[in-house]
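Structure first, commentary second.
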Amino acid sequence: MTSILKVSTIQDPTNSNTALTIDSSGLALPSVLHYRCMIFPSGSTNQWNNITDSEIDSSIGNTVTATLSSGSVAGSLGHNTDATLSGLTTGIYEFHVFGSHNRTSSASTGDLRVQLLESGTQIAQGISTTFTQKYANSSLNIIRDYTAAVPASVVLRWDANVSNYPSLRGSGFIVKRIG
């Protein structure tokens with residue numbers, strides 16, 4: 001015997017919180033989509049270890065927040081900016097991190113790296129090497145399962161081995177809960 005149940009939402013019986021929404025295509029959506037998108041810097045020529053919150057060109061999102069800090073930390077290439085994420089809840093997340101720079105001086109080798117760190121441990125990285133130290137870009141895409149628990153800290157890192165200047169725009173990230 002088969003049955004068809006037609007619903008558009010399922011709610012918690014003790015209150016009016018929606019637990020599940022079915023969209024018009026029949027896909028089940030999480031009740032709260034957590035996301036954050038940040039693009040930076042905004043017209044700055046600061047080095048990677050000097051990017052600040054005021055240089056964010058665009059930031060949208062709801063429950064996920066990011067705090068930028070810059071400097072030189074162990075495990076970095078020497079000049080880095082970190083985005084420490086908060087507001088993540090249990091679920092499955094997609095991370096897209098991208099970085100670029102357009103330094104136009106010096107003919108030495110330059111490295112540009114983007115990373116995802118969980119509780120201080122590098123989980124994934126993208127790295128690009130430019131032999132003219134002019135144009136470089138790097139990115140990473142990864143899906144992480146946080147259904148059991150969210151790590152104590154989740155950090156996105158952009159860093160370079162020399163004080164490369166970032167491009168006027170084109171570095172940032174998108175984080176979204178997909179399940």
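Chain labels A, B, ... are given in the sequence in which chains occur in the structure tokens; within each chain residues are numbered consecutively from 1, and ligands are likewise numbered from 1 in the order shown.
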Requested in this report: Determine, counting only C-alpha atoms, which protein, DNA and RNA residues have an atom within 12 Å of an atom of A:Gly87; residues of the same chain fewer than 3 positions away are not included. Present the result as an MDAnalysis selection string.
Outcome: chainID A and resid 32:36 61:67 84 90:91 150:154 175:177
Report task. Just the residues within 7 Å of A:Phe40, please, counting only C-alpha atoms, with nothing from its chain fewer than 2 positions along; format it as a PyMOL selection string. Result -> chain A and resi 38+42+55-58+169-172
Requested in this report: Could you tell me how far atom CA of A:Ile142 lies from atom CA of A:Ser59, in Å and to one decimal?
Outcome: 20.6 Å
Query - Nearest to A:Ala160 by atom-to-atom distance, counting only C-alpha atoms, from A:Ile178, A:Tyr93, A:Ser69, A:Ser138 - result: A:Ser138
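Restricting the calculation to only C-alpha atoms, the smallest distance between A:Asp53 and any of A:Ile174, A:Ile39, A:Leu112, A:Val97 is found for A:Ile39.
Nearest residue to A:Phe95, choosing from A:Ser54, A:Thr121, A:Thr130, A:Asn141 and counting only C-alpha atoms: A:Asn141.
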Report task. Find the spatial neighbours of A:Asn161, counting only C-alpha atoms, within a cut-off of 6 Å - ignore same-chain residues fewer than 5 positions away - and output them as a ChimeraX atom specification. Result -> /A:77-78,111
Query raised in the report: Near A:Gln125, counting only C-alpha atoms, which residues have an atom at most 10 Å away, once you skip same-chain residues fewer than 3 positions from it, shown as a ChimeraX atom specification?
Result: /A:97,113-117,122,138-142,156-158
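Atom CA of A:Ile92 sits 19.7 Å away from atom CA of A:Gly120.
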